[in-house]
$ cat work_12.cif   # mmCIF, C-alpha atoms
data_target
loop_
_atom_site.label_atom_id
_atom_site.label_comp_id
_atom_site.auth_asym_id
_atom_site.auth_seq_id
_atom_site.Cartn_x
_atom_site.Cartn_y
_atom_site.Cartn_z
CA MET A 4 -175.30 48.16 -21.40
CA LEU A 5 -173.01 50.97 -22.44
CA ASP A 6 -175.69 53.60 -21.83
CA ASP A 7 -175.80 52.58 -18.16
CA LEU A 8 -172.11 53.45 -17.87
CA VAL A 9 -172.26 56.82 -19.62
CA ILE A 10 -172.04 59.82 -17.31
CA LEU A 11 -171.49 62.56 -19.89
CA LYS A 12 -172.26 62.78 -23.58
CA ALA A 13 -171.35 65.93 -25.51
CA GLU A 14 -172.66 66.13 -29.05
CA ASN A 15 -171.32 68.73 -31.48
CA ILE A 16 -170.46 71.25 -28.74
CA SER A 17 -168.48 74.35 -29.68
CA ARG A 18 -167.59 77.85 -28.48
CA THR A 19 -166.68 81.00 -30.41
CA TYR A 20 -165.91 84.27 -28.69
CA PRO A 21 -167.16 87.22 -30.78
CA GLY A 22 -165.09 90.26 -31.60
CA PRO A 23 -163.47 92.06 -34.52
CA VAL A 24 -161.67 88.76 -35.10
CA PRO A 25 -163.84 85.91 -33.72
CA VAL A 26 -161.92 83.36 -31.66
CA HIS A 27 -162.95 79.75 -32.30
CA ALA A 28 -161.93 78.51 -28.85
CA LEU A 29 -163.60 75.11 -29.26
CA LYS A 30 -164.53 73.72 -32.64
CA PRO A 31 -167.48 71.30 -32.96
CA CYS A 32 -166.64 68.08 -31.15
CA PHE A 33 -168.11 64.95 -29.59
CA LEU A 34 -167.11 63.41 -26.26
CA THR A 35 -168.38 60.56 -24.10
CA LEU A 36 -167.27 59.94 -20.50
CA THR A 37 -168.11 56.76 -18.62
CA LYS A 38 -168.14 55.67 -14.98
CA GLY A 39 -164.84 54.84 -13.33
CA THR A 40 -162.63 56.47 -15.95
CA PHE A 41 -159.88 59.09 -15.73
CA THR A 42 -159.40 61.27 -18.81
CA ALA A 43 -156.54 63.72 -19.27
CA VAL A 44 -157.01 66.65 -21.64
CA VAL A 45 -153.60 67.91 -22.74
CA GLY A 46 -152.76 71.04 -24.68
CA LYS A 47 -150.82 74.27 -24.71
CA SER A 48 -152.04 77.50 -23.13
CA GLY A 49 -154.81 78.95 -25.27
CA SER A 50 -155.58 75.66 -26.99
CA GLY A 51 -159.15 75.53 -25.67
CA LYS A 52 -158.72 73.24 -22.65
CA SER A 53 -160.39 75.51 -20.12
CA THR A 54 -163.17 76.40 -22.55
CA LEU A 55 -163.94 72.70 -22.95
CA LEU A 56 -163.91 72.16 -19.19
CA ARG A 57 -166.23 75.11 -18.53
CA ILE A 58 -168.75 73.79 -21.03
CA LEU A 59 -168.57 70.27 -19.61
CA GLY A 60 -169.03 71.74 -16.13
CA THR A 61 -172.09 73.74 -17.27
CA LEU A 62 -170.39 77.00 -16.32
CA ASP A 63 -170.52 78.25 -19.92
CA PRO A 64 -173.09 77.35 -22.59
CA SER A 65 -172.14 75.72 -25.85
CA ASP A 66 -172.86 77.61 -29.07
CA SER A 67 -174.13 74.42 -30.65
CA GLY A 68 -175.11 70.83 -30.00
CA SER A 69 -176.20 69.24 -26.73
CA LEU A 70 -174.71 68.21 -23.40
CA PHE A 71 -176.15 65.33 -21.41
CA ILE A 72 -175.00 64.50 -17.88
CA GLU A 73 -176.46 61.38 -16.27
CA GLY A 74 -179.07 61.44 -19.02
CA CYS A 75 -180.17 65.02 -18.29
CA ASP A 76 -180.12 67.56 -21.12
CA VAL A 77 -178.53 70.38 -19.13
CA GLY A 78 -179.17 72.89 -21.92
CA LYS A 79 -182.88 72.70 -21.17
CA MET A 80 -182.53 73.51 -17.46
CA ASP A 81 -183.31 76.96 -16.09
CA ASP A 82 -180.65 78.77 -14.08
CA ALA A 83 -181.90 77.61 -10.67
CA ALA A 84 -182.18 73.96 -11.69
CA LEU A 85 -178.79 74.05 -13.41
CA SER A 86 -177.12 75.60 -10.37
CA ARG A 87 -178.61 72.93 -8.11
CA PHE A 88 -177.61 70.14 -10.50
CA ARG A 89 -174.05 71.48 -10.76
CA ARG A 90 -173.75 71.78 -6.99
CA ARG A 91 -174.85 68.20 -6.40
CA ARG A 92 -173.52 66.22 -9.37
CA ILE A 93 -170.33 67.99 -10.49
CA GLY A 94 -167.17 68.44 -8.42
CA PHE A 95 -164.62 71.11 -9.39
CA ILE A 96 -160.92 71.17 -8.49
CA HIS A 97 -159.04 74.38 -9.32
CA GLN A 98 -155.37 75.20 -9.69
CA ASP A 99 -155.49 77.93 -7.04
CA TYR A 100 -157.27 75.73 -4.46
CA ASP A 101 -159.83 78.54 -3.77
CA LEU A 102 -160.02 77.69 -0.07
CA PHE A 103 -161.59 80.11 2.40
CA PRO A 104 -158.68 81.39 4.52
CA GLU A 105 -160.87 81.80 7.61
CA TYR A 106 -162.16 78.20 7.45
CA THR A 107 -160.40 75.06 8.64
CA ALA A 108 -159.69 72.18 6.27
CA TRP A 109 -162.81 70.42 7.50
CA GLU A 110 -164.99 73.51 7.12
CA ASN A 111 -163.68 74.11 3.61
CA ALA A 112 -164.34 70.51 2.62
CA VAL A 113 -167.95 70.40 3.81
CA PHE A 114 -168.86 73.86 2.51
CA PRO A 115 -170.68 72.56 -0.62
CA LEU A 116 -173.03 70.53 1.58
CA HIS A 117 -173.83 73.50 3.78
CA LEU A 118 -174.36 75.65 0.68
CA ASP A 119 -176.96 73.12 -0.41
CA GLY A 120 -178.69 73.21 2.98
CA ARG A 121 -177.40 69.79 4.02
CA ARG A 122 -175.31 68.62 6.96
CA GLU A 123 -172.29 66.39 6.61
CA ASP A 124 -172.00 62.84 7.88
CA PRO A 125 -168.96 63.18 10.20
CA GLU A 126 -167.91 59.55 9.81
CA ARG A 127 -168.07 59.73 6.03
CA VAL A 128 -166.08 62.96 5.86
CA ALA A 129 -163.52 61.61 8.34
CA ALA A 130 -163.10 58.54 6.13
CA LEU A 131 -162.58 60.83 3.13
CA PHE A 132 -159.93 62.80 5.02
CA GLU A 133 -158.21 59.55 5.95
CA LYS A 134 -158.26 58.40 2.32
CA LEU A 135 -156.68 61.68 1.19
CA GLY A 136 -154.07 61.73 3.96
CA LEU A 137 -155.63 64.78 5.61
CA ALA A 138 -156.54 63.43 9.05
CA ARG A 139 -153.92 65.58 10.79
CA CYS A 140 -155.01 68.67 8.85
CA ARG A 141 -158.64 68.59 9.96
CA ASP A 142 -158.44 71.68 12.19
CA LYS A 143 -155.71 73.52 10.29
CA PHE A 144 -156.29 76.71 8.35
CA PRO A 145 -155.03 77.04 4.76
CA HIS A 146 -152.00 79.11 5.75
CA GLU A 147 -150.93 76.30 8.07
CA MET A 148 -150.88 73.69 5.30
CA SER A 149 -148.52 72.93 2.43
CA GLY A 150 -149.56 73.41 -1.17
CA GLY A 151 -150.07 69.67 -1.59
CA GLU A 152 -152.27 69.53 1.51
CA GLN A 153 -154.35 72.48 0.36
CA GLN A 154 -154.91 70.83 -3.00
CA ARG A 155 -156.03 67.64 -1.29
CA VAL A 156 -158.52 69.68 0.76
CA ALA A 157 -159.79 71.09 -2.53
CA ILE A 158 -160.16 67.50 -3.77
CA ALA A 159 -162.06 66.57 -0.59
CA ARG A 160 -164.40 69.51 -1.20
CA ALA A 161 -165.01 68.29 -4.76
CA LEU A 162 -165.80 64.76 -3.52
CA VAL A 163 -167.92 65.54 -0.49
CA THR A 164 -171.19 65.62 -2.45
CA ASP A 165 -170.33 62.30 -4.13
CA PRO A 166 -170.55 63.78 -7.65
CA ALA A 167 -170.82 61.75 -10.83
CA LEU A 168 -168.44 64.06 -12.70
CA ILE A 169 -165.19 65.51 -11.32
CA LEU A 170 -163.44 68.24 -13.32
CA ALA A 171 -159.90 69.32 -12.45
CA ASP A 172 -158.53 72.44 -14.14
CA GLU A 173 -154.70 72.40 -14.01
CA PRO A 174 -154.87 70.97 -10.45
CA THR A 175 -151.10 70.50 -10.26
CA GLY A 176 -150.09 73.90 -11.63
CA ASN A 177 -149.02 75.28 -8.24
CA LEU A 178 -147.33 72.11 -7.00
CA ASP A 179 -143.78 70.78 -7.23
CA ALA A 180 -143.15 67.80 -9.49
CA GLU A 181 -143.47 65.16 -6.76
CA ASN A 182 -146.76 66.51 -5.39
CA ALA A 183 -148.05 66.95 -8.94
CA ARG A 184 -147.49 63.26 -9.62
CA ARG A 185 -149.17 62.32 -6.35
CA VAL A 186 -152.25 64.39 -7.16
CA ALA A 187 -152.49 62.90 -10.67
CA SER A 188 -152.18 59.39 -9.22
CA LEU A 189 -154.78 60.22 -6.57
CA LEU A 190 -157.26 61.42 -9.18
CA SER A 191 -156.71 58.20 -11.10
CA SER A 192 -157.48 56.05 -8.07
CA LEU A 193 -160.52 58.14 -7.13
CA SER A 194 -162.20 57.58 -10.49
CA GLY A 195 -162.38 53.88 -9.75
CA ASP A 196 -163.09 54.19 -6.04
CA ARG A 197 -165.98 56.60 -6.63
CA ASN A 198 -167.18 55.11 -9.93
CA ALA A 199 -167.11 58.66 -11.25
CA ALA A 200 -165.83 60.19 -14.47
CA VAL A 201 -162.76 62.31 -13.76
CA VAL A 202 -161.36 64.81 -16.25
CA MET A 203 -158.04 66.55 -15.65
CA VAL A 204 -156.93 69.43 -17.86
CA THR A 205 -153.18 69.93 -17.91
CA HIS A 206 -150.41 71.39 -20.03
CA ASP A 207 -147.98 68.81 -18.59
CA ALA A 208 -148.12 65.78 -20.89
CA SER A 209 -146.05 63.70 -18.44
CA LEU A 210 -148.91 63.74 -15.91
CA ALA A 211 -151.24 62.18 -18.46
CA ASP A 212 -149.55 58.81 -17.88
CA ALA A 213 -151.86 58.29 -14.90
CA ALA A 214 -154.97 58.59 -17.10
CA ASP A 215 -156.99 55.85 -18.80
CA ARG A 216 -157.42 58.02 -21.86
CA VAL A 217 -155.57 61.05 -23.22
CA ILE A 218 -157.23 63.69 -25.37
CA ARG A 219 -155.07 66.33 -27.01
CA ILE A 220 -156.58 69.66 -27.91
CA THR A 221 -154.93 71.92 -30.47
CA ASP A 222 -156.45 75.19 -31.61
CA GLY A 223 -159.83 74.08 -30.34
CA VAL A 224 -159.77 70.68 -32.04
CA LEU A 225 -160.03 67.49 -29.94
CA GLU A 226 -158.08 64.40 -30.83
CA THR A 227 -158.18 61.19 -28.79
CA GLU A 228 -154.70 59.72 -28.45
CA GLU A 229 -155.43 56.56 -26.49
#
$ encode --input "work_12.cif" --output "structure tokens"
Amino acid sequence: MLDDLVILKAENISRTYPGPVPVHALKPCFLTLTKGTFTAVVGKSGSGKSTLLRILGTLDPSDSGSLFIEGCDVGKMDDAALSRFRRRRIGFIHQDYDLFPEYTAWENAVFPLHLDGRREDPERVAALFEKLGLARCRDKFPHEMSGGEQQRVAIARALVTDPALILADEPTGNLDAENARRVASLLSSLSGDRNAAVVMVTHDASLADAADRVIRITDGVLETEE
């Protein structure tokens, strides 16, 4: 059944930032994400991409509607429950990597588990590093790695909890064209390998070729292209 495949269902979500001139960053929209799919959200700077991603990632509340992730109405969770749910079921990949400079690649990758009071399975994490081409970077610090390697460590960190939903906010913004394509291709393969829903926000329409579905956002309005 389709419902068994649905990871995220957003119904009539929106976001307006108040002020002398209110900014309608995200106009009411609907979105469904299913297991094993890679969705690219494309749009210019200021179009509402990051606002959408923050709402989907439960970092910001929606002004309207409802957001369900794995059948849970996240709008009804208290702060502690929402934080725990986010930590365990949602993986975030950022443009700036956000790695701890004093931690090795391995320590950065397993940090979400330790934050949740859990210990890593060394064999499982080693297999993840192998999959991402990071085996030789295990004991390196961020300053000893290339930009592409650092971004792959950030991807490992997002995957280490085996989340249902993976959200990547301009993950290729600090990479050269070749590494950007590799990261986009990697995210595409991971959606199937992990049976997760992966969403990549990007201003580079050429990277959307790796996605199963492309959604364009213009002035806060979502439009599915394919």
$ closest_residue --input "work_12.cif" --among "A:Arg155, A:Lys47, A:Lys143, A:Arg89" --to "Asp207 of chain A" --atoms "only C-alpha atoms"
A:Lys47
$ residues_around --input "work_12.cif" --residues "Phe95 of chain A" --least-positions-apart "4" --cutoff "12 Å" --atoms "all atoms listed in the file" --output "MDAnalysis selection string"
chainID A and resid 56:57 59:62 89:91 99:101 115 154 156:174 201:204
$ atom_distance --input "work_12.cif" --atom1 "atom CA of Leu131 of chain A" --atom2 "atom CA of Leu8 of chain A"
24.2 Å
$ resolve_selection --input "work_12.cif" --expression "the PyMOL selection byres ((chain A and resi 192) around 12)" --output "list in words"
Gly39, Thr40, Phe41, Lys134, Leu135, Arg185, Val186, Ala187, Ser188, Leu189, Leu190, Ser191, Leu193, Ser194, Gly195, Asp196, Arg197, Asn198, Ala199, Ala200, Val201, Ala213, Ala214 and Asp215 of chain A
$ residues_around --input "work_12.cif" --residues "Asp6 of chain A" --least-positions-apart "4" --cutoff "10 Å" --atoms "all atoms listed in the file" --output "PyMOL selection string"
chain A and resi 10+12+37+73-74
$ residues_around --input "work_12.cif" --residues "Pro104 of chain A" --least-positions-apart "2" --cutoff "10 Å" --atoms "all atoms listed in the file" --output "list in words"
Asp101, Leu102, Tyr106, Thr107, Ala108, Asn111, Phe144, Pro145, His146 and Glu147 of chain A
$ atom_distance --input "work_12.cif" --atom1 "atom CA of Pro31 of chain A" --atom2 "atom CA of Val217 of chain A"
18.5 Å
$ atom_distance --input "work_12.cif" --atom1 "atom CA of Ala138 of chain A" --atom2 "atom CA of Leu210 of chain A"
26.1 Å
$ resolve_selection --input "work_12.cif" --expression "the PyMOL selection byres ((chain A and resi 51) around 6)" --output "PyMOL selection string"
chain A and resi 28-29+49-50+52-54+223
$ residues_around --input "work_12.cif" --residues "Ala13 of chain A" --least-positions-apart "2" --cutoff "8 Å" --atoms "all atoms listed in the file" --output "mmCIF file with C-alpha atoms, in the coordinates of the input"
data_model
loop_
_atom_site.group_PDB
_atom_site.id
_atom_site.type_symbol
_atom_site.label_atom_id
_atom_site.label_comp_id
_atom_site.auth_asym_id
_atom_site.auth_seq_id
_atom_site.Cartn_x
_atom_site.Cartn_y
_atom_site.Cartn_z
ATOM 1 C CA LEU A 11 -171.490 62.560 -19.890
ATOM 2 C CA ASN A 15 -171.320 68.730 -31.480
ATOM 3 C CA ILE A 16 -170.460 71.250 -28.740
ATOM 4 C CA CYS A 32 -166.640 68.080 -31.150
ATOM 5 C CA PHE A 33 -168.110 64.950 -29.590
ATOM 6 C CA LEU A 34 -167.110 63.410 -26.260
ATOM 7 C CA THR A 35 -168.380 60.560 -24.100
ATOM 8 C CA LEU A 59 -168.570 70.270 -19.610
ATOM 9 C CA GLY A 68 -175.110 70.830 -30.000
ATOM 10 C CA SER A 69 -176.200 69.240 -26.730
ATOM 11 C CA LEU A 70 -174.710 68.210 -23.400
ATOM 12 C CA PHE A 71 -176.150 65.330 -21.410
#
$ residues_around --input "work_12.cif" --residues "Val224 of chain A" --least-positions-apart "2" --cutoff "7 Å" --atoms "all atoms listed in the file" --output "list in words"
Leu29, Lys30, Ile220, Thr221, Asp222 and Glu226 of chain A
$ write_last_selection --input "work_12.cif" --atoms "C-alpha atoms" --output "compact mmCIF listing (two decimals), in the coordinates of the input"
# COMPACT_ATOMS: atom_id res chain seq x y z
CA LEU A 29 -163.60 75.11 -29.26
CA LYS A 30 -164.53 73.72 -32.64
CA ILE A 220 -156.58 69.66 -27.91
CA THR A 221 -154.93 71.92 -30.47
CA ASP A 222 -156.45 75.19 -31.61
CA GLU A 226 -158.08 64.40 -30.83
$ closest_residue --input "work_12.cif" --among "A:Trp109, A:Arg121, A:Gly151, A:Gly22" --to "Glu133 of chain A" --atoms "all atoms listed in the file"
A:Trp109
$ build_atoms --input "work_12.cif" --residues "segment 157-188 of chain A" --atoms "N, CA and C atoms" --output "compact mmCIF listing (two decimals), in the frame of the given file"
# COMPACT_ATOMS: atom_id res chain seq x y z
N ALA A 157 -158.95 70.71 -1.40
CA ALA A 157 -159.79 71.09 -2.53
C ALA A 157 -160.39 69.85 -3.19
N ILE A 158 -159.63 68.76 -3.22
CA ILE A 158 -160.16 67.50 -3.77
C ILE A 158 -161.26 66.95 -2.86
N ALA A 159 -161.04 67.02 -1.54
CA ALA A 159 -162.06 66.57 -0.59
C ALA A 159 -163.34 67.36 -0.78
N ARG A 160 -163.22 68.65 -0.98
CA ARG A 160 -164.40 69.51 -1.20
C ARG A 160 -165.14 69.10 -2.47
N ALA A 161 -164.39 68.72 -3.51
CA ALA A 161 -165.01 68.29 -4.76
C ALA A 161 -165.72 66.95 -4.62
N LEU A 162 -165.25 66.11 -3.68
CA LEU A 162 -165.80 64.76 -3.52
C LEU A 162 -166.92 64.67 -2.50
N VAL A 163 -167.06 65.68 -1.66
CA VAL A 163 -167.92 65.54 -0.49
C VAL A 163 -169.39 65.34 -0.86
N THR A 164 -169.81 65.80 -2.03
CA THR A 164 -171.19 65.62 -2.45
C THR A 164 -171.38 64.32 -3.23
N ASP A 165 -170.32 63.54 -3.37
CA ASP A 165 -170.33 62.30 -4.13
C ASP A 165 -170.81 62.53 -5.56
N PRO A 166 -170.12 63.43 -6.29
CA PRO A 166 -170.55 63.78 -7.65
C PRO A 166 -170.30 62.67 -8.65
N ALA A 167 -171.02 62.71 -9.75
CA ALA A 167 -170.82 61.75 -10.83
C ALA A 167 -169.67 62.17 -11.73
N LEU A 168 -169.44 63.48 -11.80
CA LEU A 168 -168.44 64.06 -12.70
C LEU A 168 -167.51 64.95 -11.90
N ILE A 169 -166.19 64.71 -12.03
CA ILE A 169 -165.19 65.51 -11.32
C ILE A 169 -164.29 66.16 -12.36
N LEU A 170 -164.20 67.49 -12.34
CA LEU A 170 -163.44 68.24 -13.32
C LEU A 170 -162.31 68.99 -12.63
N ALA A 171 -161.10 68.71 -13.05
CA ALA A 171 -159.90 69.32 -12.45
C ALA A 171 -159.19 70.18 -13.48
N ASP A 172 -159.13 71.49 -13.22
CA ASP A 172 -158.53 72.44 -14.14
C ASP A 172 -157.11 72.79 -13.69
N GLU A 173 -156.11 72.19 -14.36
CA GLU A 173 -154.70 72.40 -14.01
C GLU A 173 -154.48 72.23 -12.50
N PRO A 174 -154.93 71.12 -11.91
CA PRO A 174 -154.87 70.97 -10.45
C PRO A 174 -153.47 70.88 -9.89
N THR A 175 -152.48 70.65 -10.75
CA THR A 175 -151.10 70.50 -10.26
C THR A 175 -150.23 71.72 -10.59
N GLY A 176 -150.85 72.75 -11.14
CA GLY A 176 -150.09 73.90 -11.63
C GLY A 176 -149.28 74.63 -10.57
N ASN A 177 -149.73 74.58 -9.31
CA ASN A 177 -149.02 75.28 -8.24
C ASN A 177 -148.22 74.34 -7.35
N LEU A 178 -148.02 73.10 -7.81
CA LEU A 178 -147.33 72.11 -7.00
C LEU A 178 -145.97 71.76 -7.59
N ASP A 179 -145.07 71.28 -6.73
CA ASP A 179 -143.78 70.78 -7.23
C ASP A 179 -144.02 69.46 -7.94
N ALA A 180 -142.99 68.97 -8.63
CA ALA A 180 -143.15 67.80 -9.49
C ALA A 180 -143.64 66.57 -8.72
N GLU A 181 -143.10 66.35 -7.53
CA GLU A 181 -143.47 65.16 -6.76
C GLU A 181 -144.93 65.22 -6.33
N ASN A 182 -145.37 66.37 -5.80
CA ASN A 182 -146.76 66.51 -5.39
C ASN A 182 -147.70 66.47 -6.58
N ALA A 183 -147.24 66.99 -7.72
CA ALA A 183 -148.05 66.95 -8.94
C ALA A 183 -148.33 65.51 -9.34
N ARG A 184 -147.30 64.67 -9.28
CA ARG A 184 -147.49 63.26 -9.62
C ARG A 184 -148.43 62.58 -8.63
N ARG A 185 -148.30 62.93 -7.36
CA ARG A 185 -149.17 62.32 -6.35
C ARG A 185 -150.63 62.69 -6.58
N VAL A 186 -150.87 63.94 -6.92
CA VAL A 186 -152.25 64.39 -7.16
C VAL A 186 -152.82 63.69 -8.39
N ALA A 187 -152.03 63.58 -9.46
CA ALA A 187 -152.49 62.90 -10.67
C ALA A 187 -152.81 61.44 -10.37
N SER A 188 -151.95 60.79 -9.60
CA SER A 188 -152.18 59.39 -9.22
C SER A 188 -153.42 59.26 -8.35
